[in-house]
$ cat structure-v4.txt   # compact mmCIF, C-alpha atoms
# COMPACT_ATOMS: atom_id res chain seq x y z
CA MET A 10 85.42 36.90 198.77
CA LYS A 11 86.96 33.54 197.88
CA ARG A 12 89.75 35.02 195.75
CA PRO A 13 91.70 31.83 194.83
CA GLU A 14 88.47 30.22 193.59
CA LEU A 15 87.51 33.36 191.70
CA LYS A 16 90.94 33.52 190.04
CA THR A 17 90.72 29.86 188.97
CA GLU A 18 87.20 30.27 187.66
CA LEU A 19 88.17 33.35 185.65
CA ARG A 20 91.14 31.48 184.15
CA VAL A 21 88.86 28.56 183.30
CA PHE A 22 86.38 30.99 181.83
CA ALA A 23 89.03 32.57 179.58
CA ALA A 24 89.99 29.11 178.24
CA GLU A 25 86.32 28.32 177.77
CA VAL A 26 85.80 31.51 175.73
CA VAL A 27 88.54 30.47 173.27
CA VAL A 28 87.12 26.96 172.70
CA TYR A 29 83.57 28.31 172.64
CA GLY A 30 84.57 30.96 170.07
CA VAL A 31 85.82 28.29 167.64
CA PHE A 32 82.60 26.24 167.97
CA VAL A 33 80.31 29.25 167.70
CA SER A 34 82.07 30.74 164.64
CA GLY A 35 81.45 27.51 162.73
CA TYR A 36 77.89 27.31 163.98
CA LEU A 37 77.06 30.89 162.97
CA TRP A 38 78.54 30.40 159.52
CA ALA A 39 76.40 27.25 159.02
CA LEU A 40 73.32 29.02 160.39
CA HIS A 41 73.66 31.91 157.96
CA ARG A 42 74.55 29.67 155.01
CA TYR A 43 71.84 27.03 155.42
CA LEU A 44 68.99 28.75 157.32
CA GLY A 45 69.26 32.36 156.07
CA GLY A 46 67.36 31.83 152.79
CA TRP A 47 64.69 29.62 154.35
CA LEU A 48 64.01 32.08 157.21
CA ASP A 49 63.82 34.98 154.75
CA HIS A 50 61.27 33.02 152.69
CA LEU A 51 59.18 32.29 155.83
CA PHE A 52 59.40 35.95 156.90
CA THR A 53 58.06 37.11 153.54
CA ASP A 54 55.41 34.46 152.81
CA ARG A 55 54.39 32.70 156.03
CA ARG A 56 54.58 35.12 158.97
CA LEU A 57 52.88 32.87 161.56
CA ALA A 58 55.28 30.01 160.76
CA TYR A 59 58.16 32.50 160.97
CA ALA A 60 57.03 33.68 164.44
CA VAL A 61 56.83 30.08 165.72
CA VAL A 62 60.17 29.10 164.15
CA ALA A 63 61.86 32.28 165.52
CA LEU A 64 60.73 31.52 169.07
CA VAL A 65 61.63 27.81 168.81
CA LEU A 66 65.07 28.63 167.34
CA VAL A 67 66.00 31.13 170.06
CA ILE A 68 64.80 28.80 172.85
CA ALA A 69 66.59 25.80 171.30
CA GLN A 70 69.80 27.80 170.88
CA GLY A 71 69.47 29.02 174.49
CA ILE A 72 69.31 25.44 175.79
CA LEU A 73 71.97 24.16 173.36
CA LEU A 74 74.51 26.88 174.17
CA GLU A 75 73.85 26.52 177.90
CA GLN A 76 74.61 22.79 177.61
CA LEU A 77 77.71 23.53 175.53
CA THR A 78 79.08 26.07 178.03
CA HIS A 79 78.29 23.67 180.89
CA VAL A 80 80.12 20.76 179.20
CA LEU A 81 83.07 23.02 178.37
CA ALA A 82 83.26 24.28 181.96
CA GLN A 83 83.24 20.71 183.30
CA TRP A 84 85.86 19.64 180.78
CA ILE A 85 88.24 22.53 181.41
CA MET A 86 87.70 23.17 185.15
CA PRO A 87 90.00 21.43 187.65
CA LYS A 88 88.24 18.59 189.56
CA ARG A 89 88.31 20.30 192.96
CA PHE A 90 86.24 23.21 191.64
CA ARG A 91 83.55 21.06 189.97
CA ARG A 92 80.64 22.02 192.19
CA GLU A 93 77.45 23.43 190.70
CA ASP A 94 75.49 23.70 193.96
CA ARG A 95 77.42 26.50 195.61
CA HIS A 96 75.45 29.26 197.22
CA PRO A 97 76.77 32.43 198.88
CA MET B 18 77.60 40.25 156.84
CA ASN B 19 74.27 40.92 155.15
CA PHE B 20 71.17 39.92 157.10
CA PRO B 21 68.46 39.26 154.48
CA ILE B 22 65.38 39.65 156.72
CA SER B 23 66.05 43.24 157.84
CA GLN B 24 68.34 44.06 154.88
CA ALA B 25 70.90 45.31 157.42
CA HIS B 26 74.64 45.02 156.92
CA LEU B 27 76.24 44.39 160.33
CA ALA B 28 79.54 42.92 161.56
CA PRO B 29 78.85 39.62 163.42
CA SER B 30 81.84 40.24 165.75
CA VAL B 31 80.26 43.52 166.94
CA LEU B 32 76.93 41.77 167.49
CA VAL B 33 78.61 38.97 169.46
CA ALA B 34 80.54 41.54 171.58
CA LEU B 35 77.35 43.51 172.25
CA GLY B 36 75.59 40.27 173.21
CA PHE B 37 78.45 39.37 175.56
CA VAL B 38 78.23 42.71 177.45
CA VAL B 39 74.45 42.57 177.76
CA GLY B 40 74.62 38.88 178.73
CA ALA B 41 77.13 39.55 181.52
CA LEU B 42 74.92 42.33 182.91
CA GLY B 43 71.87 40.08 182.69
CA GLY B 44 73.56 37.15 184.42
CA PHE B 45 74.79 39.37 187.23
CA PHE B 46 71.78 41.62 187.84
CA GLY B 47 68.89 39.53 186.48
CA VAL B 48 67.87 42.14 183.92
CA GLY B 49 67.31 41.81 180.18
CA GLY B 50 69.63 44.71 179.31
CA SER B 51 67.33 46.08 176.61
CA PHE B 52 68.01 49.67 177.67
CA ILE B 53 71.62 49.21 176.48
CA ALA B 54 71.21 46.71 173.61
CA GLY B 55 68.31 48.60 172.00
CA PRO B 56 70.08 51.95 171.55
CA ALA B 57 73.29 50.12 170.48
CA LEU B 58 71.49 48.19 167.72
CA PHE B 59 69.85 51.42 166.59
CA GLY B 60 73.27 53.08 166.51
CA LEU B 61 74.64 50.21 164.37
CA GLY B 62 72.02 51.02 161.73
CA LEU B 63 69.17 48.54 162.38
CA PRO B 64 65.72 50.05 161.63
CA MET B 65 63.77 50.96 164.80
CA ASN B 66 60.99 48.39 164.39
CA PHE B 67 63.61 45.60 164.08
CA VAL B 68 65.52 47.01 167.10
CA VAL B 69 62.57 46.44 169.45
CA GLY B 70 61.59 42.96 168.20
CA THR B 71 65.11 41.59 167.65
CA ASP B 72 66.27 42.77 171.07
CA LEU B 73 63.36 40.94 172.70
CA ALA B 74 64.20 37.73 170.79
CA HIS B 75 67.85 37.76 171.90
CA ILE B 76 66.75 38.45 175.50
CA VAL B 77 64.70 35.19 175.50
CA GLY B 78 67.73 33.05 174.58
CA LYS B 79 70.10 34.88 176.89
CA SER B 80 67.74 34.67 179.86
CA ILE B 81 67.33 30.89 179.37
CA VAL B 82 71.11 30.47 179.75
CA ALA B 83 71.32 32.76 182.82
CA ALA B 84 68.17 31.35 184.47
CA ARG B 85 69.41 27.76 184.10
CA LYS B 86 72.78 28.78 185.53
CA HIS B 87 71.04 30.45 188.50
CA HIS B 88 68.85 27.34 188.88
CA PHE B 89 72.01 25.20 189.25
CA LEU B 90 73.34 27.70 191.80
CA GLY B 91 70.11 27.44 193.85
CA ASN B 92 69.00 31.00 193.02
CA LEU B 93 65.62 30.16 191.44
CA ASP B 94 62.39 30.04 193.47
CA ARG B 95 60.27 27.98 191.06
CA LYS B 96 57.05 28.36 193.05
CA LEU B 97 57.36 32.16 193.09
CA ALA B 98 58.33 32.19 189.39
CA VAL B 99 55.23 30.21 188.36
CA LEU B 100 52.95 32.39 190.53
CA MET B 101 54.39 35.53 188.97
CA VAL B 102 53.65 34.36 185.41
CA VAL B 103 49.93 34.83 186.24
CA GLY B 104 50.51 38.58 186.59
CA THR B 105 53.30 39.00 184.03
CA VAL B 106 51.36 37.85 180.93
CA PRO B 107 48.26 40.09 181.35
CA GLY B 108 50.60 42.92 182.41
CA VAL B 109 52.54 42.68 179.11
CA GLU B 110 49.25 42.72 177.17
CA ALA B 111 47.95 45.76 179.15
CA GLY B 112 51.21 47.63 178.52
CA ALA B 113 51.09 46.86 174.77
CA ARG B 114 47.48 48.11 174.63
CA THR B 115 48.50 51.33 176.42
CA VAL B 116 51.13 51.84 173.69
CA GLU B 117 48.41 51.44 171.03
CA ALA B 118 46.18 53.98 172.87
CA LEU B 119 49.08 56.43 173.26
CA LYS B 120 49.86 56.12 169.53
CA ARG B 121 46.44 57.59 168.82
CA ALA B 122 46.21 60.13 171.67
CA ALA B 123 49.66 61.64 172.27
CA ASP B 124 53.27 62.06 171.21
CA ILE B 125 54.15 58.50 172.16
CA ASP B 126 57.95 58.93 172.03
CA LEU B 127 57.82 61.87 174.41
CA VAL B 128 55.36 60.28 176.86
CA ILE B 129 57.12 56.91 176.99
CA GLY B 130 60.58 58.51 176.95
CA VAL B 131 59.80 60.77 179.93
CA ALA B 132 58.09 57.91 181.81
CA PHE B 133 61.15 55.72 181.17
CA ILE B 134 63.56 58.41 182.47
CA VAL B 135 61.48 59.09 185.61
CA ILE B 136 61.18 55.38 186.46
CA LEU B 137 64.86 54.60 185.83
CA VAL B 138 66.14 57.61 187.81
CA ALA B 139 63.75 56.80 190.69
CA VAL B 140 64.82 53.13 190.79
CA SER B 141 68.50 54.07 190.67
CA GLY B 142 68.17 56.80 193.35
CA PHE B 143 66.23 54.55 195.68
CA MET B 144 68.64 51.63 195.29
CA ALA B 145 71.65 53.93 195.87
CA TRP B 146 70.12 55.23 199.10
CA GLU B 147 69.05 51.76 200.26
CA GLY B 148 72.35 50.07 199.35
CA TRP B 149 74.35 52.76 201.14
CA ALA B 150 72.11 52.69 204.24
CA THR B 151 72.28 48.89 204.37
CA LEU B 152 76.08 48.78 204.13
CA ARG B 153 76.32 51.36 206.95
CA HIS B 154 73.79 49.49 209.09
CA ARG B 155 75.29 46.94 211.51
CA PRO B 156 73.61 43.60 210.69
CA THR B 157 72.08 41.41 213.40
CA ARG B 158 73.43 37.90 213.97
CA ALA B 159 70.57 36.42 211.91
CA GLU B 160 71.24 38.85 209.06
CA LYS B 161 74.96 38.04 209.17
CA LYS B 162 74.20 34.32 208.94
CA ASN B 163 71.83 34.93 206.05
CA GLY B 164 74.42 37.08 204.23
CA ASP B 165 71.72 39.40 202.86
CA HIS B 166 70.00 42.26 204.67
CA SER B 167 68.29 45.53 203.80
CA ALA B 168 67.67 48.87 205.52
CA PHE B 169 64.25 48.79 203.86
CA SER B 170 63.24 45.31 205.07
CA PHE B 171 60.45 46.71 207.30
CA VAL B 172 58.36 47.38 204.15
CA ALA B 173 58.70 43.75 203.00
CA LYS B 174 57.72 42.60 206.51
CA ARG B 175 54.58 44.76 206.33
CA VAL B 176 53.72 43.38 202.89
CA GLN B 177 54.22 39.84 204.22
CA ARG B 178 51.78 40.62 207.10
CA LEU B 179 49.12 41.84 204.65
CA ARG B 180 45.77 40.17 205.49
CA LEU B 181 44.49 39.43 202.02
CA PRO B 182 43.85 35.71 201.38
CA PRO B 183 44.78 33.39 199.71
CA TYR B 184 48.31 33.07 201.14
CA VAL B 185 51.29 31.08 200.01
CA SER B 186 54.58 30.09 201.66
CA LEU B 187 57.87 30.43 199.77
CA PRO B 188 60.41 28.26 201.62
CA VAL B 189 63.15 28.73 198.99
CA SER B 190 62.97 32.52 199.53
CA GLY B 191 62.62 32.11 203.31
CA ILE B 192 59.13 33.70 203.33
CA PRO B 193 56.76 31.80 205.65
CA ARG B 194 53.58 33.49 204.42
CA VAL B 195 52.65 36.15 201.87
CA SER B 196 49.42 37.13 200.12
CA VAL B 197 49.16 35.86 196.54
CA TRP B 198 47.77 39.33 195.67
CA ALA B 199 51.08 40.98 196.64
CA ILE B 200 52.94 38.64 194.25
CA PHE B 201 50.32 39.26 191.56
CA GLY B 202 50.66 43.06 192.01
CA VAL B 203 54.46 43.01 191.63
CA SER B 204 54.36 40.75 188.56
CA LEU B 205 51.51 42.72 186.96
CA ALA B 206 53.47 45.98 187.36
CA GLY B 207 56.62 44.37 185.91
CA GLY B 208 54.70 42.91 182.96
CA TYR B 209 52.92 46.21 182.34
CA LEU B 210 56.19 48.16 182.18
CA SER B 211 57.65 45.44 179.91
CA GLY B 212 54.74 45.88 177.48
CA LEU B 213 54.81 49.67 177.75
CA LEU B 214 58.56 50.40 177.66
CA GLY B 215 59.89 47.25 175.93
CA GLY B 216 62.49 44.75 177.14
CA GLY B 217 62.01 42.45 180.11
CA ALA B 218 61.47 45.19 182.79
CA GLY B 219 63.86 43.45 185.18
CA TYR B 220 65.03 46.88 186.37
CA ILE B 221 61.68 47.32 188.17
CA ARG B 222 60.72 43.68 188.92
CA MET B 223 64.02 42.67 190.53
CA PRO B 224 64.04 45.58 193.08
CA SER B 225 60.30 45.09 193.75
CA MET B 226 60.86 41.42 194.60
CA ILE B 227 63.59 42.40 197.07
CA TYR B 228 62.01 45.43 198.75
CA LEU B 229 58.28 44.64 198.55
CA LEU B 230 58.15 40.85 198.82
CA GLY B 231 61.35 40.37 200.87
CA VAL B 232 62.98 37.89 198.44
CA PRO B 233 66.77 37.54 199.03
CA THR B 234 68.80 39.34 196.34
CA HIS B 235 70.38 36.24 194.75
CA ILE B 236 67.00 34.50 194.47
CA ALA B 237 65.36 37.68 193.13
CA VAL B 238 68.01 37.82 190.37
CA GLY B 239 67.48 34.16 189.34
CA THR B 240 63.67 34.27 189.60
CA ASP B 241 63.42 37.57 187.74
CA LEU B 242 65.27 36.01 184.80
CA PHE B 243 62.51 33.41 184.55
CA GLU B 244 59.92 36.23 184.33
CA VAL B 245 62.04 37.98 181.69
CA ILE B 246 61.87 34.76 179.58
CA ILE B 247 58.06 34.83 179.77
CA SER B 248 57.56 38.55 179.06
CA ALA B 249 60.23 38.68 176.32
CA GLY B 250 58.93 35.38 174.82
CA VAL B 251 55.39 36.76 174.50
CA GLY B 252 56.83 40.00 173.08
CA THR B 253 59.01 38.13 170.56
CA PHE B 254 56.08 36.15 169.19
CA THR B 255 53.81 39.18 168.74
CA HIS B 256 56.60 41.30 167.22
CA ALA B 257 57.60 38.44 164.86
CA LEU B 258 54.00 38.30 163.63
CA LYS B 259 54.20 42.03 162.90
CA GLY B 260 57.50 41.58 160.99
CA ASN B 261 59.72 43.27 163.59
CA VAL B 262 62.15 40.41 164.36
CA ASP B 263 65.34 39.54 162.45
CA ILE B 264 65.94 36.20 164.10
CA LEU B 265 69.38 35.74 162.48
CA ILE B 266 70.68 38.91 164.20
CA ALA B 267 69.12 37.75 167.50
CA LEU B 268 70.83 34.34 167.22
CA VAL B 269 74.24 35.92 166.50
CA MET B 270 73.87 38.31 169.48
CA HIS B 271 72.76 35.44 171.65
CA ALA B 272 75.93 33.48 170.86
CA GLY B 273 77.88 36.22 172.70
CA ALA B 274 75.25 36.66 175.39
CA ALA B 275 75.30 32.94 176.31
CA ILE B 276 78.90 33.08 177.47
CA GLY B 277 78.51 36.55 179.04
CA ALA B 278 75.48 35.41 181.04
CA GLN B 279 77.50 32.52 182.42
CA LEU B 280 80.24 34.89 183.62
CA GLY B 281 77.67 37.22 185.25
CA ALA B 282 75.93 34.36 187.04
CA TYR B 283 79.24 32.97 188.39
CA LEU B 284 80.25 36.39 189.71
CA THR B 285 77.09 36.66 191.87
CA GLN B 286 78.61 33.93 194.09
CA TYR B 287 81.42 36.22 195.16
CA ILE B 288 79.52 39.42 195.93
CA SER B 289 77.05 39.96 198.79
CA GLY B 290 73.41 40.99 198.23
CA PRO B 291 73.77 44.68 199.32
CA ARG B 292 76.86 45.08 197.09
CA ILE B 293 75.05 43.59 194.06
CA ARG B 294 72.24 46.11 194.66
CA LEU B 295 74.71 48.99 194.97
CA ALA B 296 76.51 47.92 191.77
CA PHE B 297 73.13 47.95 189.99
CA VAL B 298 72.68 51.71 190.67
CA PRO B 299 74.50 53.17 187.59
CA LEU B 300 72.74 50.82 185.15
CA PRO B 301 69.29 52.47 185.06
CA LEU B 302 71.06 55.86 184.87
CA VAL B 303 72.87 54.74 181.69
CA GLY B 304 69.50 53.75 180.22
CA ALA B 305 67.94 57.07 181.29
CA ALA B 306 70.85 59.02 179.74
CA ILE B 307 70.48 57.13 176.43
CA VAL B 308 66.74 57.83 176.29
CA ALA B 309 67.26 61.51 177.25
CA HIS B 310 69.87 61.83 174.50
CA ALA B 311 67.51 60.23 171.97
CA LEU B 312 64.69 62.60 172.97
CA LEU B 313 66.87 65.73 172.90
CA THR B 314 68.45 64.90 169.55
CA GLY B 315 65.13 63.94 168.00
CA GLN B 316 65.91 60.23 167.55
CA HIS B 317 63.15 57.81 168.47
CA ALA B 318 63.87 56.02 171.74
CA PRO B 319 63.57 52.21 171.54

$ encode --input "structure-v4.txt" --output "structure tokens"
Amino acid sequence: MKRPELKTELRVFAAEVVVYGVFVSGYLWALHRYLGGWLDHLFTDRRLAYAVVALVLVIAQGILLEQLTHVLAQWIMPKRFRREDRHP
Amino acid sequence: MNFPISQAHLAPSVLVALGFVVGALGGFFGVGGSFIAGPALFGLGLPMNFVVGTDLAHIVGKSIVAARKHHFLGNLDRKLAVLMVVGTVPGVEAGARTVEALKRAADIDLVIGVAFIVILVAVSGFMAWEGWATLRHRPTRAEKKNGDHSAFSFVAKRVQRLRLPPYVSLPVSGIPRVSVWAIFGVSLAGGYLSGLLGGGAGYIRMPSMIYLLGVPTHIAVGTDLFEVIISAGVGTFTHALKGNVDILIALVMHAGAAIGAQLGAYLTQYISGPRIRLAFVPLPLVGAAIVAHALLTGQHAP
């Protein structure tokens, strides 16, 4: 095991969690406030549209949050550890 | 916080924490984690129909994060992943139809619950034996160089020698030739169990890819996540049509899962293939224990 690298990555990860937490709290609040009513309306009246929107939303959030965590990791991580192509 | 679609009142922090745990497990082992998230959501007070659909929706988002992370780490065999979709999709449909048939013919909770326990205990027992035997086995020079070996690799070699055309080569997985039918069989079985028992069925597909096809553990984890996206995506759409998905709950859970999946995927870099497989052993047992508890106490297993 590459312990120094692991230790650095875990420290970077902890910092990332804090920054990520602030972003995500705001995002979830906005999501609930502005999309909650609309999604409930779709769920009740237009089920097919709701199914499509649900799938699109979860895929879009998956890609968006992956990008966000990637950018955060690059921003916080020391330069010498910035390698995405490592393989055991 | 009140979630208007399911009329459930749940704390977002608990949902994010649950998502984080399931995400970390998924990123590390390449499984959806439905056998932990499902019972937990049920325990938090979400109605059972919303448990199944919402869990599937959050698995889609979480698996996208983990699969992309594994892709960057070189753990995704795209050719194998695309070939497996051909078996996964009809498998999910066949499993869902079996559920409909069982609804009419038998006590569905008992039949599916017992099947779930038997499969999970068998997978866990086999992986414990194999992981232990592999760690005790002295690896050859080639195996040492590769960093991943298995005491059960003779079965994968036999499957790879199967004379059943057409054949395909999988250079990313280091497999020079394998019958397309073997890949189709593994993906069909995984999809079927996903449709029958819910979740992404990574607990059966990931070990099958390693032991039957001979895919290295790290690549099996990354590639399995891609299959989980497909099977859980199909499941999410059909359950949403039936009114079983509270997408707001899924999105909140996914916010925690996204960061957990990243941690799990990073940790795979530091642990060898046989040790990842050995660490996987208790997971199916936890799922089996939860289902057994639900059956014995009369709750409906998700």

$ residues_near_point --input "structure-v4.txt" --point "(88.5, 40.1, 182.7)" --cutoff "12 Å" --atoms "all atoms listed in the file" --output "compact mmCIF listing (two decimals) with C-alpha atoms, in the frame of the given file"
# COMPACT_ATOMS: atom_id res chain seq x y z
CA LEU A 15 87.51 33.36 191.70
CA LYS A 16 90.94 33.52 190.04
CA GLU A 18 87.20 30.27 187.66
CA LEU A 19 88.17 33.35 185.65
CA ARG A 20 91.14 31.48 184.15
CA VAL A 21 88.86 28.56 183.30
CA PHE A 22 86.38 30.99 181.83
CA ALA A 23 89.03 32.57 179.58
CA ALA A 24 89.99 29.11 178.24
CA VAL A 26 85.80 31.51 175.73
CA VAL B 38 78.23 42.71 177.45
CA ALA B 41 77.13 39.55 181.52
CA GLY B 277 78.51 36.55 179.04
CA LEU B 280 80.24 34.89 183.62
CA GLY B 281 77.67 37.22 185.25
CA LEU B 284 80.25 36.39 189.71

$ closest_residue --input "structure-v4.txt" --among "B:Gly191, B:Gly273, B:Gly304, B:Gly62" --to "Glu75 of chain A" --atoms "all atoms listed in the file"
B:Gly273

$ closest_atom_pairs --input "structure-v4.txt" --of "chain A" --to "chain B" --cutoff "10 Å" --atoms "only C-alpha atoms" --output "tab-separated table"
residue	atom	partner	partner_atom	distance
A:Met10	CA	B:Tyr287	CA	5.4
A:Lys11	CA	B:Tyr287	CA	6.7
A:Arg12	CA	B:Tyr287	CA	8.4
A:Glu14	CA	B:Tyr287	CA	9.4
A:Leu15	CA	B:Tyr287	CA	7.6
A:Glu18	CA	B:Tyr283	CA	8.4
A:Leu19	CA	B:Leu280	CA	8.3
A:Phe22	CA	B:Leu280	CA	7.5
A:Ala23	CA	B:Leu280	CA	9.9
A:Glu25	CA	B:Ile276	CA	8.8
A:Val26	CA	B:Ile276	CA	7.3
A:Tyr29	CA	B:Ile276	CA	8.2
A:Gly30	CA	B:Gly273	CA	8.9
A:Val33	CA	B:Ala272	CA	6.9
A:Ser34	CA	B:Ala272	CA	9.2
A:Tyr36	CA	B:Ala272	CA	9.4
A:Leu37	CA	B:Val269	CA	6.8
A:Trp38	CA	B:Val269	CA	9.9
A:Leu40	CA	B:Leu265	CA	8.1
A:His41	CA	B:Leu265	CA	7.3
A:Leu44	CA	B:Leu265	CA	8.7
A:Gly45	CA	B:Pro21	CA	7.1
A:Gly46	CA	B:Pro21	CA	7.7
A:Leu48	CA	B:Ile22	CA	7.7
A:Asp49	CA	B:Ile22	CA	5.3
A:His50	CA	B:Ile22	CA	8.8
A:Leu51	CA	B:Ile22	CA	9.7
A:Phe52	CA	B:Ile22	CA	7.0
A:Thr53	CA	B:Ile22	CA	8.4
A:Arg55	CA	B:Leu258	CA	9.4
A:Arg56	CA	B:Leu258	CA	5.7
A:Leu57	CA	B:Leu258	CA	5.9
A:Ala58	CA	B:Leu258	CA	8.9
A:Tyr59	CA	B:Ala257	CA	7.1
A:Ala60	CA	B:Ala257	CA	4.8
A:Val61	CA	B:Phe254	CA	7.0
A:Val62	CA	B:Ile264	CA	9.1
A:Ala63	CA	B:Ile264	CA	5.8
A:Leu64	CA	B:Phe254	CA	6.6
A:Val65	CA	B:Gly78	CA	9.9
A:Leu66	CA	B:Leu268	CA	8.1
A:Val67	CA	B:Gly78	CA	5.2
A:Ile68	CA	B:Gly78	CA	5.4
A:Ala69	CA	B:Gly78	CA	8.0
A:Gln70	CA	B:Gly78	CA	6.7
A:Gly71	CA	B:Gly78	CA	4.4
A:Ile72	CA	B:Val82	CA	6.7
A:Leu73	CA	B:Val82	CA	9.0
A:Leu74	CA	B:Ala275	CA	6.5
A:Glu75	CA	B:Val82	CA	5.2
A:Gln76	CA	B:Val82	CA	8.7
A:Leu77	CA	B:Ala275	CA	9.7
A:Thr78	CA	B:Ile276	CA	7.0
A:His79	CA	B:Lys86	CA	8.8
A:Arg92	CA	B:Leu90	CA	9.3
A:Glu93	CA	B:Phe89	CA	5.9
A:Asp94	CA	B:Leu90	CA	5.0
A:Arg95	CA	B:Leu90	CA	5.7
A:His96	CA	B:Leu90	CA	6.0
A:Pro97	CA	B:Gln286	CA	5.3

$ atom_distance --input "structure-v4.txt" --atom1 "atom CA of Thr105 of chain B" --atom2 "atom CA of Leu205 of chain B"
5.1 Å

$ closest_residue --input "structure-v4.txt" --among "B:Ile247, B:Met226, B:Leu295, B:Met270" --to "Val106 of chain B" --atoms "all atoms listed in the file"
B:Ile247

$ atom_distance --input "structure-v4.txt" --atom1 "atom CA of Ser141 of chain B" --atom2 "atom CA of Thr71 of chain B"
26.4 Å

$ atom_distance --input "structure-v4.txt" --atom1 "atom CA of Val308 of chain B" --atom2 "atom CA of Ile236 of chain B"
29.6 Å

$ closest_residue --input "structure-v4.txt" --among "B:Leu210, B:Val298, B:Ala309, B:Gly231" --to "Arg114 of chain B" --atoms "only C-alpha atoms"
B:Leu210

$ residues_around --input "structure-v4.txt" --residues "Ala237 of chain B" --least-positions-apart "2" --cutoff "12 Å" --atoms "all atoms listed in the file" --output "VMD selection string"
chain B and resid 44 to 48 84 87 to 88 91 to 95 97 to 98 101 165 189 to 191 219 to 235 239 to 245 285 290 293 to 294

$ build_atoms --input "structure-v4.txt" --residues "segment 113-129 of chain B" --atoms "N, CA and C atoms" --output "short mmCIF file (atom, residue, chain, number, x, y, z; two decimals), in the frame of the given file"
data_model
loop_
_atom_site.label_atom_id
_atom_site.label_comp_id
_atom_site.auth_asym_id
_atom_site.auth_seq_id
_atom_site.Cartn_x
_atom_site.Cartn_y
_atom_site.Cartn_z
N ALA B 113 51.10 46.75 176.24
CA ALA B 113 51.09 46.86 174.77
C ALA B 113 49.84 47.63 174.31
N ARG B 114 48.71 47.40 175.00
CA ARG B 114 47.48 48.11 174.63
C ARG B 114 47.59 49.60 174.97
N THR B 115 48.29 49.92 176.07
CA THR B 115 48.50 51.33 176.42
C THR B 115 49.31 52.01 175.32
N VAL B 116 50.32 51.28 174.79
CA VAL B 116 51.13 51.84 173.69
C VAL B 116 50.23 52.16 172.50
N GLU B 117 49.31 51.22 172.17
CA GLU B 117 48.41 51.44 171.03
C GLU B 117 47.53 52.67 171.28
N ALA B 118 47.03 52.82 172.54
CA ALA B 118 46.18 53.98 172.87
C ALA B 118 46.99 55.27 172.80
N LEU B 119 48.23 55.23 173.29
CA LEU B 119 49.08 56.43 173.26
C LEU B 119 49.42 56.84 171.83
N LYS B 120 49.55 55.84 170.94
CA LYS B 120 49.86 56.12 169.53
C LYS B 120 48.79 57.03 168.94
N ARG B 121 47.54 56.80 169.37
CA ARG B 121 46.44 57.59 168.82
C ARG B 121 46.26 58.91 169.54
N ALA B 122 46.59 58.96 170.86
CA ALA B 122 46.21 60.13 171.67
C ALA B 122 47.33 61.13 171.94
N ALA B 123 48.58 60.74 171.83
CA ALA B 123 49.66 61.64 172.27
C ALA B 123 50.94 61.41 171.49
N ASP B 124 51.94 62.25 171.77
CA ASP B 124 53.27 62.06 171.21
C ASP B 124 53.90 60.90 171.99
N ILE B 125 53.77 59.71 171.43
CA ILE B 125 54.15 58.50 172.16
C ILE B 125 55.62 58.47 172.58
N ASP B 126 56.52 58.95 171.70
CA ASP B 126 57.95 58.93 172.03
C ASP B 126 58.24 59.79 173.25
N LEU B 127 57.58 60.96 173.29
CA LEU B 127 57.82 61.87 174.41
C LEU B 127 57.26 61.29 175.71
N VAL B 128 56.02 60.81 175.65
CA VAL B 128 55.36 60.28 176.86
C VAL B 128 56.13 59.07 177.41
N ILE B 129 56.42 58.12 176.53
CA ILE B 129 57.12 56.91 176.99
C ILE B 129 58.55 57.24 177.38
#
